[in-house]
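What's in protein.txt: compact mmCIF, C-alpha atoms
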# COMPACT_ATOMS: atom_id res chain seq x y z
CA MET A 14 -12.10 -28.28 26.87
CA THR A 15 -12.74 -26.44 30.14
CA LYS A 16 -15.41 -23.95 31.02
CA GLY A 17 -14.63 -20.43 32.21
CA GLY A 18 -16.74 -17.52 33.36
CA GLY A 19 -16.89 -14.51 31.06
CA ALA A 20 -17.55 -10.89 31.94
CA THR A 21 -21.30 -11.47 31.69
CA GLY A 22 -21.26 -14.53 33.95
CA THR A 23 -22.21 -16.91 31.13
CA LEU A 24 -20.36 -20.20 30.74
CA VAL A 25 -18.22 -20.52 27.62
CA GLN A 26 -15.85 -23.21 26.44
CA THR A 27 -12.17 -22.21 26.55
CA VAL A 28 -8.80 -23.79 25.88
CA LEU A 29 -7.10 -22.58 29.06
CA PRO A 30 -8.71 -22.33 32.53
CA PHE A 31 -8.62 -18.58 33.21
CA LYS A 32 -11.50 -16.16 33.60
CA LEU A 33 -12.23 -12.72 32.17
CA GLU A 34 -13.42 -9.77 34.22
CA ALA A 35 -13.89 -6.13 33.34
CA THR A 36 -12.18 -3.42 35.41
CA GLU A 37 -12.44 0.34 35.67
CA GLU A 38 -8.83 0.68 36.82
CA GLY A 39 -6.51 2.93 34.83
CA LEU A 40 -4.71 0.34 32.75
CA THR A 41 -2.52 1.06 29.73
CA ALA A 42 -0.54 -1.12 27.35
CA ASN A 43 1.61 1.90 26.41
CA VAL A 44 3.17 2.87 29.70
CA GLY A 45 6.59 3.46 28.15
CA LEU A 46 5.03 5.90 25.71
CA ALA A 47 4.27 8.06 28.74
CA LEU A 48 8.05 8.44 29.19
CA PHE A 49 8.37 9.64 25.60
CA GLY A 50 5.45 12.02 26.12
CA GLU A 51 7.09 13.38 29.27
CA PHE A 52 10.36 13.84 27.36
CA VAL A 53 8.57 15.76 24.60
CA ARG A 54 6.83 17.96 27.18
CA GLY A 55 10.10 18.74 28.96
CA LEU A 56 11.81 19.50 25.66
CA GLY A 57 9.28 22.24 24.99
CA LEU A 58 7.33 20.99 21.95
CA SER A 59 4.08 22.55 23.18
CA ARG A 60 5.81 25.90 23.69
CA TRP A 61 7.49 25.75 20.27
CA LEU A 62 4.18 25.02 18.57
CA ALA A 63 2.55 27.95 20.37
CA GLN A 64 5.34 30.22 19.14
CA GLU A 65 5.57 29.00 15.55
CA MET A 66 2.04 27.96 14.56
CA PRO A 67 -0.91 30.23 13.70
CA GLN A 68 -3.37 30.80 16.50
CA PRO A 69 -6.84 29.20 16.17
CA GLY A 70 -9.41 31.23 14.29
CA SER A 71 -11.73 31.54 17.28
CA GLY A 72 -11.40 31.66 21.04
CA ARG A 73 -12.92 28.18 21.27
CA GLY A 74 -10.54 26.60 18.76
CA ASP A 75 -7.75 24.30 19.92
CA LYS A 76 -4.11 25.24 19.50
CA ALA A 77 -1.75 23.25 17.28
CA ASP A 78 -0.44 21.22 20.21
CA ALA A 79 -3.82 19.50 20.56
CA TYR A 80 -3.31 18.02 17.10
CA VAL A 81 0.45 17.68 16.64
CA THR A 82 1.40 16.00 19.92
CA PRO A 83 -1.23 13.22 19.67
CA LEU A 84 -0.09 12.56 16.08
CA VAL A 85 3.54 12.43 17.23
CA LEU A 86 2.63 10.00 20.03
CA MET A 87 0.53 7.87 17.66
CA LEU A 88 3.26 7.63 15.00
CA THR A 89 5.99 6.97 17.57
CA GLY A 90 3.83 4.29 19.16
CA GLY A 91 3.42 2.49 15.83
CA GLY A 92 0.24 3.97 14.35
CA ARG A 93 0.09 3.97 10.56
CA SER A 94 -2.93 6.13 9.75
CA LEU A 95 -5.32 8.68 11.22
CA GLU A 96 -7.64 5.84 12.19
CA ASP A 97 -5.04 4.67 14.71
CA LEU A 98 -5.64 7.84 16.72
CA ARG A 99 -8.69 6.00 18.07
CA LEU A 100 -6.44 3.62 20.02
CA LEU A 101 -4.73 6.62 21.60
CA LYS A 102 -8.10 8.26 22.22
CA ASN A 103 -9.31 5.17 24.12
CA ASP A 104 -6.18 4.95 26.30
CA ARG A 105 -7.53 7.03 29.17
CA ALA A 106 -4.75 6.03 31.56
CA LEU A 107 -2.06 7.33 29.19
CA ALA A 108 -4.01 10.56 28.64
CA THR A 109 -4.27 11.04 32.42
CA LEU A 110 -0.55 10.49 32.96
CA LEU A 111 0.31 12.97 30.20
CA LYS A 112 -2.32 15.47 31.38
CA ARG A 113 -3.85 15.57 27.94
CA GLU A 114 -7.46 16.29 27.09
CA ALA A 115 -9.47 14.10 24.74
CA VAL A 116 -7.88 13.25 21.39
CA HIS A 117 -9.79 14.66 18.43
CA SER A 118 -11.68 12.44 16.01
CA THR A 119 -10.18 11.35 12.69
CA ASP A 120 -12.40 13.75 10.71
CA VAL A 121 -11.45 16.73 12.88
CA VAL A 122 -7.73 15.96 12.56
CA ASP A 123 -8.07 15.48 8.79
CA ASP A 124 -9.73 18.89 8.51
CA TRP A 125 -7.00 20.51 10.65
CA LEU A 126 -4.29 18.98 8.46
CA ARG A 127 -5.96 20.38 5.36
CA ARG A 128 -6.15 23.88 6.85
CA THR A 129 -2.58 23.66 8.12
CA GLY A 130 -1.24 22.62 4.72
CA GLU A 131 -3.07 25.46 2.99
CA GLU A 132 -2.06 28.22 5.37
CA ALA A 133 1.00 29.38 7.30
CA GLY A 134 0.83 26.24 9.45
CA LEU A 135 3.04 24.20 7.12
CA SER A 136 5.75 26.83 7.39
CA GLY A 137 5.29 26.89 11.16
CA LEU A 138 5.76 23.12 11.35
CA GLY A 139 8.91 23.60 9.27
CA HIS A 140 10.38 25.72 12.07
CA ILE A 141 9.99 22.92 14.65
CA ASN A 142 12.53 20.49 13.23
CA PRO A 143 15.42 22.98 13.29
CA ARG A 144 14.73 23.48 17.01
CA ILE A 145 14.89 19.73 17.62
CA ALA A 146 18.01 19.39 15.50
CA ALA A 147 19.70 22.33 17.25
CA THR A 148 19.32 20.52 20.58
CA ARG A 149 21.05 17.43 19.21
CA LEU A 150 23.74 19.42 17.40
CA ARG A 151 24.68 21.22 20.59
CA GLN A 152 25.20 17.80 22.18
CA SER A 153 27.33 16.52 19.29
CA GLY A 154 29.71 19.49 19.19
CA ILE A 155 29.86 19.16 15.38
CA THR A 156 29.54 22.39 13.39
CA ALA A 157 30.59 21.25 9.87
CA HIS A 158 28.02 18.78 8.54
CA THR A 159 27.60 16.29 5.72
CA LEU A 160 24.25 16.62 3.95
CA ASP A 161 22.68 13.63 2.23
CA ALA A 162 19.74 14.72 0.10
CA ASP A 163 17.42 12.34 -1.69
CA ALA A 164 13.85 11.94 -2.92
CA SER A 165 11.40 9.37 -1.58
CA GLN A 166 8.42 7.83 -3.32
CA LEU A 167 5.16 7.58 -1.42
CA VAL A 168 1.79 6.07 -2.19
CA ALA A 169 -1.09 8.53 -1.80
CA GLU A 170 -4.78 7.82 -1.27
CA LYS A 171 -6.05 10.84 -3.15
CA GLU A 172 -7.52 10.22 -6.60
CA ALA A 173 -5.85 13.30 -8.03
CA ALA A 174 -2.35 12.11 -7.11
CA LEU A 175 0.02 12.40 -10.05
CA PHE A 176 1.96 9.44 -11.41
CA THR A 177 5.60 8.94 -10.43
CA TYR A 178 8.23 7.73 -12.85
CA LYS A 179 7.50 4.19 -11.59
CA GLY A 180 3.92 4.45 -12.82
CA GLU A 181 2.33 4.71 -9.37
CA GLN A 182 0.14 7.49 -8.03
CA GLY A 183 1.79 9.27 -5.16
CA ASP A 184 4.13 11.98 -3.96
CA ARG A 185 7.91 12.46 -4.02
CA PRO A 186 9.17 14.46 -1.01
CA MET A 187 12.79 15.57 -0.81
CA ILE A 188 14.55 14.79 2.46
CA GLY A 189 17.81 16.25 3.76
CA HIS A 190 19.68 14.15 6.36
CA LEU A 191 22.64 15.30 8.43
CA ALA A 192 24.94 12.29 8.18
CA GLU A 193 26.71 12.71 11.51
CA THR A 194 23.51 12.55 13.58
CA GLY A 195 20.93 11.02 11.22
CA PHE A 196 18.55 13.95 11.77
CA VAL A 197 16.29 15.25 9.01
CA ILE A 198 17.09 18.95 8.81
CA HIS A 199 14.49 19.72 6.12
CA ASP A 200 11.74 18.09 4.07
CA GLU A 201 9.96 19.42 1.00
CA PHE A 202 6.74 17.69 -0.06
CA ARG A 203 6.41 17.40 -3.84
CA GLU A 204 3.95 16.08 -6.38
CA GLY A 205 4.66 12.60 -7.72
CA ASN A 206 5.48 13.73 -11.25
CA MET A 207 8.16 16.19 -10.17
CA ALA A 208 11.62 15.02 -11.21
CA PRO A 209 14.09 14.37 -8.35
CA ALA A 210 16.54 16.73 -10.06
CA THR A 211 14.19 19.72 -9.71
CA ASP A 212 15.81 22.64 -7.85
CA ASN A 213 18.28 20.56 -5.86
CA LEU A 214 20.36 23.67 -5.26
CA GLY A 215 17.39 25.50 -3.76
CA PHE A 216 16.68 22.55 -1.49
CA ILE A 217 20.30 22.40 -0.30
CA LYS A 218 20.25 26.11 0.49
CA ALA A 219 17.00 25.63 2.42
CA CYS A 220 18.66 22.85 4.45
CA GLU A 221 21.64 25.05 5.29
CA ALA A 222 19.36 27.95 6.25
CA ARG A 223 17.81 25.72 8.95
CA LEU A 224 21.10 25.00 10.70
CA PRO A 225 21.87 26.83 13.96
CA LYS A 226 24.09 29.87 13.88
CA GLY A 227 27.74 28.88 13.55
CA HIS A 228 26.94 25.64 11.71
CA ARG A 229 27.40 24.95 8.02
CA ILE A 230 27.14 22.25 5.39
CA ALA A 231 30.69 21.26 4.56
CA HIS A 232 30.10 18.26 2.30
CA LEU A 233 27.31 17.07 -0.03
CA ARG A 234 26.41 13.54 -1.09
CA LEU A 235 23.67 13.02 -3.68
CA ASP A 236 22.74 10.49 -6.32
CA ALA A 237 22.77 11.27 -10.05
CA ALA A 238 19.80 13.63 -9.65
CA GLY A 239 22.32 16.10 -8.20
CA TYR A 240 24.65 15.96 -11.20
CA GLN A 241 24.08 19.61 -12.12
CA ALA A 242 26.48 22.36 -13.10
CA SER A 243 24.69 24.95 -10.96
CA LEU A 244 25.19 22.80 -7.89
CA PHE A 245 28.88 22.18 -8.65
CA ASN A 246 29.48 25.89 -9.17
CA ASP A 247 27.77 26.76 -5.89
CA CYS A 248 29.97 24.27 -4.04
CA GLU A 249 33.05 25.93 -5.53
CA ALA A 250 31.77 29.36 -4.50
CA THR A 251 30.82 28.39 -0.94
CA GLY A 252 33.68 26.03 -0.09
CA LYS A 253 31.63 22.83 0.06
CA THR A 254 33.07 19.53 -1.09
CA PHE A 255 30.89 17.00 -2.85
CA ALA A 256 30.57 13.40 -3.98
CA ILE A 257 27.67 13.06 -6.39
CA GLY A 258 26.56 10.25 -8.65
CA GLY A 259 27.41 10.98 -12.27
CA ARG A 260 25.50 10.42 -15.48
CA LEU A 261 26.62 8.27 -18.38
CA ASP A 262 25.88 10.95 -20.97
CA ALA A 263 27.74 11.25 -24.26
CA ALA A 264 30.49 13.44 -22.82
CA THR A 265 31.10 11.08 -19.89
CA GLN A 266 31.14 8.02 -22.14
CA LYS A 267 33.74 9.70 -24.35
CA ARG A 268 35.94 10.39 -21.32
CA ILE A 269 35.68 6.73 -20.35
CA ALA A 270 36.49 5.55 -23.90
CA ASP A 271 39.60 7.79 -23.98
CA LEU A 272 41.06 6.28 -20.81
CA PRO A 273 44.15 4.13 -21.47
CA GLU A 274 44.18 0.59 -20.13
CA SER A 275 46.91 1.59 -17.69
CA ALA A 276 44.46 3.98 -15.94
CA TRP A 277 42.39 1.10 -14.56
CA LYS A 278 43.20 -0.41 -11.17
CA HIS A 279 41.70 -3.39 -9.44
CA TYR A 280 38.99 -2.40 -6.95
CA ALA A 281 36.62 -4.75 -5.08
CA ALA A 282 34.95 -7.00 -7.68
CA GLY A 283 35.88 -4.75 -10.59
CA THR A 284 38.26 -1.98 -11.59
CA VAL A 285 38.36 1.76 -11.05
CA ALA A 286 39.84 4.70 -12.92
CA GLU A 287 39.87 8.46 -12.43
CA THR A 288 40.07 11.45 -14.72
CA LEU A 289 39.25 15.16 -14.77
CA HIS A 290 36.03 16.33 -16.36
CA ARG A 291 33.93 19.45 -16.72
CA MET A 292 30.53 20.34 -18.11
CA SER A 293 30.07 23.22 -20.47
CA GLU A 294 28.47 25.25 -17.64
CA THR A 295 30.88 24.39 -14.81
CA LYS A 296 33.50 26.97 -13.96
CA LYS A 297 36.12 24.40 -12.90
CA ALA A 298 36.93 20.79 -13.71
CA PHE A 299 36.15 18.09 -11.16
CA ARG A 300 37.25 14.55 -10.48
CA LEU A 301 35.37 11.82 -12.34
CA ILE A 302 35.70 8.41 -10.69
CA ILE A 303 34.59 5.47 -12.83
CA VAL A 304 33.92 2.03 -11.39
CA LYS A 305 33.78 -0.74 -13.99
CA HIS A 306 32.35 -4.16 -13.26
CA LYS A 307 31.22 -7.14 -15.28
CA HIS A 308 27.56 -7.45 -16.12
CA GLN A 309 25.98 -10.38 -14.34
CA GLY A 310 22.61 -10.37 -16.10
CA GLU A 311 22.55 -11.65 -19.65
CA LEU A 312 24.47 -14.79 -20.56
CA PHE A 313 25.76 -13.42 -23.86
CA ASP A 314 26.12 -9.80 -22.78
CA ASP A 315 29.68 -9.38 -21.55
CA LYS A 316 29.83 -5.61 -21.92
CA PRO A 317 31.12 -3.93 -18.76
CA ARG A 318 28.88 -1.71 -16.68
CA TYR A 319 29.98 1.62 -15.27
CA HIS A 320 29.12 3.63 -12.18
CA VAL A 321 30.35 7.22 -12.12
CA ILE A 322 30.94 9.59 -9.20
CA ALA A 323 31.79 13.27 -9.50
CA SER A 324 33.81 14.84 -6.70
CA HIS A 325 36.39 17.43 -5.82
CA ARG A 326 37.37 16.08 -2.42
CA VAL A 327 41.12 16.00 -1.87
CA GLU A 328 41.66 12.37 -0.91
CA SER A 329 42.30 8.98 -2.45
CA THR A 330 39.93 7.41 -4.94
CA GLU A 331 39.13 4.63 -2.47
CA ALA A 332 38.33 7.10 0.32
CA THR A 333 35.90 9.00 -1.92
CA LEU A 334 34.17 5.78 -2.96
CA ILE A 335 33.82 4.61 0.62
CA GLY A 336 32.47 8.01 1.73
CA TYR A 337 30.00 8.16 -1.14
CA ARG A 338 28.64 4.70 -0.43
CA GLN A 339 28.02 5.64 3.19
CA ARG A 340 25.14 7.80 1.99
CA GLY A 341 23.16 4.58 1.71
CA GLU A 342 23.56 4.07 5.46
CA VAL A 343 22.33 7.58 6.17
CA SER A 344 19.96 8.72 3.44
CA GLU A 345 18.51 5.50 2.04
CA ASN A 346 18.23 3.80 5.44
CA GLY A 347 16.98 7.05 6.94
CA ILE A 348 14.18 7.24 4.39
CA LYS A 349 13.40 3.59 5.10
CA ALA A 350 13.19 4.41 8.81
CA LEU A 351 10.70 7.18 8.06
CA LYS A 352 8.58 4.92 5.87
CA ILE A 353 8.63 1.70 7.87
CA GLY A 354 9.26 3.07 11.35
CA PHE A 355 6.91 6.06 11.29
CA GLY A 356 4.25 5.13 8.75
CA MET A 357 5.40 7.58 6.09
CA GLU A 358 5.15 5.15 3.18
CA ARG A 359 1.48 5.91 2.55
CA MET A 360 -0.26 9.25 2.90
CA PRO A 361 -3.71 9.16 4.54
CA CYS A 362 -5.48 12.26 3.29
CA GLY A 363 -7.34 13.14 0.11
CA GLN A 364 -5.59 16.50 -0.34
CA PHE A 365 -1.96 17.13 -1.28
CA LYS A 366 -1.48 19.94 1.25
CA ALA A 367 -2.99 17.92 4.09
CA ASN A 368 -0.53 15.12 3.30
CA ALA A 369 2.31 17.64 3.27
CA ALA A 370 1.40 18.61 6.86
CA PHE A 371 1.04 14.96 7.90
CA TYR A 372 4.45 14.11 6.41
CA ARG A 373 6.13 17.00 8.19
CA ILE A 374 4.66 15.84 11.50
CA GLY A 375 6.03 12.37 10.71
CA VAL A 376 9.48 13.90 10.30
CA ILE A 377 9.05 15.71 13.62
CA ALA A 378 8.15 12.39 15.30
CA HIS A 379 11.22 10.75 13.74
CA ASN A 380 13.57 13.48 14.96
CA LEU A 381 12.04 13.55 18.43
CA PHE A 382 12.56 9.81 18.72
CA LEU A 383 16.23 10.12 17.70
CA LEU A 384 16.72 12.83 20.31
CA PHE A 385 14.92 10.73 22.93
CA ARG A 386 17.05 7.68 22.12
CA HIS A 387 20.27 9.67 22.43
CA SER A 388 19.33 11.85 25.41
CA ALA A 389 17.10 9.66 27.60
CA LEU A 390 18.30 6.11 26.88
CA ASP A 391 21.74 4.76 27.65
CA ALA A 392 24.33 3.69 25.07
CA ASP A 393 22.99 0.13 24.83
CA TRP A 394 19.96 1.51 22.98
CA GLY A 395 22.02 3.58 20.56
CA ARG A 396 21.50 1.38 17.49
CA CYS A 397 17.93 0.29 18.27
CA GLN A 398 15.30 1.12 15.68
CA VAL A 399 11.95 2.47 16.83
CA ALA A 400 10.28 -0.96 16.40
CA THR A 401 12.69 -2.43 18.96
CA VAL A 402 12.11 0.42 21.41
CA ARG A 403 8.36 -0.06 21.07
CA TRP A 404 8.69 -3.75 21.89
CA ARG A 405 11.11 -3.29 24.77
CA LEU A 406 9.84 -0.01 26.27
CA PHE A 407 6.88 1.83 24.78
CA HIS A 408 4.39 -1.04 24.84
CA LEU A 409 4.90 -2.26 28.39
CA PRO A 410 1.81 -2.55 30.59
CA GLY A 411 1.13 -0.39 33.62
CA LYS A 412 -1.58 0.97 35.87
CA GLY A 413 -2.28 4.49 37.01
CA VAL A 414 -3.48 4.75 40.61
CA ARG A 415 -4.64 7.85 42.45
CA HIS A 416 -2.95 7.96 45.87
CA ALA A 417 -2.82 10.82 48.40
CA GLY A 418 -3.83 13.36 45.76
CA ALA A 419 -1.19 12.26 43.24
CA TRP A 420 -1.03 9.77 40.41
CA VAL A 421 1.20 6.74 40.90
CA LEU A 422 2.29 4.70 37.89
CA LYS A 423 2.63 1.04 38.77
CA ILE A 424 4.87 -1.05 36.53
CA ALA A 425 6.73 -4.35 36.68
CA ALA A 426 9.49 -4.39 39.31
CA GLU A 427 12.19 -5.21 36.75
CA ALA A 428 11.41 -1.98 34.84
CA ILE A 429 11.62 0.45 37.79
CA ASP A 430 15.33 1.27 37.46
CA LEU A 431 15.03 1.76 33.68
CA PHE A 432 12.03 4.06 33.98
CA SER A 433 13.62 6.07 36.79
CA ALA A 434 16.83 6.58 34.81
CA ILE A 435 14.92 7.71 31.70
CA ARG A 436 12.86 10.20 33.69
CA ALA A 437 15.98 11.59 35.37
CA ARG A 438 17.72 12.13 32.01
CA SER A 439 14.59 13.73 30.56
CA PHE A 440 14.46 16.13 33.50
CA MET A 441 18.13 17.04 33.09
CA LEU A 442 17.60 17.89 29.41
CA ALA A 443 14.43 19.86 30.22
CA GLN A 444 16.45 21.99 32.68
CA THR A 445 18.79 23.04 29.87
CA MET A 446 16.02 24.20 27.54
CA SER A 447 15.39 27.91 27.44
CA PRO A 448 11.82 29.03 28.30

Written as structure tokens, that's how I'd like the structure from this file.
Amino acid sequence: MTKGGGATGTLVQTVLPFKLEATEEGLTANVGLALFGEFVRGLGLSRWLAQEMPQPGSGRGDKADAYVTPLVLMLTGGGRSLEDLRLLKNDRALATLLKREAVHSTDVVDDWLRRTGEEAGLSGLGHINPRIAATRLRQSGITAHTLDADASQLVAEKEAALFTYKGEQGDRPMIGHLAETGFVIHDEFREGNMAPATDNLGFIKACEARLPKGHRIAHLRLDAAGYQASLFNDCEATGKTFAIGGRLDAATQKRIADLPESAWKHYAAGTVAETLHRMSETKKAFRLIIVKHKHQGELFDDKPRYHVIASHRVESTEATLIGYRQRGEVSENGIKALKIGFGMERMPCGQFKANAAFYRIGVIAHNLFLLFRHSALDADWGRCQVATVRWRLFHLPGKGVRHAGAWVLKIAAEAIDLFSAIRARSFMLAQTMSP
């Protein structure tokens, strides 16, 4: 063992022979997060919040930006709860670089979330994501979109949380992803006991209403919760195509039993057949694709298992199956990215409406990160999840130094070119944003 001097000058035993000293210099372990904050500022998030959110109740109250932007930075930086705002609050160097005033305490933010969820603030937050998405959609050039809609299960801290079908207390938000870009176009926070099949048509219409002018939903992909006659009829009326998981109800099982053996073709590890089907409430028949595979569970249970997909896409059976299964890449992985990447697996507040506001801000953080990754980073970062970007960019060390009346950010020499390129791309995008 060696002895090293601590900050107080006392001698302590240490493993390695280095010393500790306190400094008042502007150090930060989140220097790359300053680039994300600069990107968000240039995009116009503060201006959008001022336009869409209710004004504070008194002249001394803070505007929504004082709450939303720190939460976005905290969640993007890897924070999981309101308590993690304290780390952001203590990072004075980052606050100086971003020209932000002091971050509010956990209790103050919790109270703001509750008020926002109860009032017009939740609706105002709902108008922010379409603005972010519109920026990305202009870049993509795509106007006809595939919507993947699905429900997520969250754990909630509040004692009054209702039980989900899995027997856990929590909430079940609906999320609508645009498959071509991965963006969440709309979220709807729901109580845990609400069935995933509740008002799917209304949710889909709400998603389409949030698209920019000239854009439309051309194709729907949902699991069996979307197997509803009203939804099928609306697709027929509006020209949408669909691929939706079917239900093995009595009528479907009869259709399967009536299929001749010659209808089955080898597919992957099983067989597949197709027939026409209609519900009593549907105006037209639709394709019913049935995948049959052997059961691998019970030793003496050799009954086949079926997976059913309803569709009216004009293409081969194989193409429809492949397209339907891609919803896992978009919707299921997208929900996983929200939960694991942005801390949306557990809600922090004791009130349902406060959690609804927190979740919507989490979706905003998710979409802002996707836009940042596409617009400010080069193609090599295109498949990187937020955890990788944190490790490689956001959580790099740096020092803010005041020099000749301006702040200078000092970083490692090998990161200079990367940081300069990101800032240049952020500035170019900011120049295209309307005031």

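Separating atom CA of A:Gly347 from atom CA of A:Val399 is a distance of 12.0 Å.
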
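Residues with any atom within 7 Å of the point (23.5, 15.2, 2.1), counting all atoms listed in the file, are Thr159, Leu160, Asp161, Ala162, Gly189, His190, Leu191, Ala192, Leu233, Arg234 and Leu235 of chain A.
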
Would you work out the distance separating atom CA of A:Met441 from atom CA of A:Ser388, expressed in Å to one decimal?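 These atoms are spaced 9.3 Å apart.
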
Which residue of A:Val25, A:Val343, A:Ala392, A:Ala323 approaches A:Ile188 most closely, using all atoms listed in the file: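 Ranking A:Val25, A:Val343, A:Ala392, A:Ala323 by distance to A:Ile188, first place goes to A:Val343.
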
Go through A:Leu56, A:Leu390, A:Ile155, A:His379 one by one, measure the shortest atom-to-atom distance of each to A:Lys349 using only C-alpha atoms, and give the residue with the smallest value.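 So, comparing all the options, the nearest one is A:His379.
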
How far is it from atom CA of A:Gly252 to atom CA of A:Thr156, in Å with one decimal? 14.6 Å

Give the centre and edge lengths of an axis-aligned box, in Å to one decimal, that holds all listed atoms of stretch 371-387 of chain A with 6 Å on each side, as JSON.
{"center_x": 10.7, "center_y": 12.3, "center_z": 14.7, "size_x": 31.2, "size_y": 21.3, "size_z": 28.5}

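The shortest atom-to-atom distance to A:Ala208, with all atoms listed in the file taken into account, belongs to A:Asp163 out of A:Asp163, A:Asp120, A:Glu345, A:Asp271.
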
Counting all atoms listed in the file, write as a PyMOL selection string all protein and nucleic acid residues lying at most 12 Å from (3.1, 9.5, 21.5) in the file's frame. chain A and resi 43-54+80-92+97-98+100-102+104+107-108+111+113+116+355+374-375+377-379+381-382+385+403+407-408
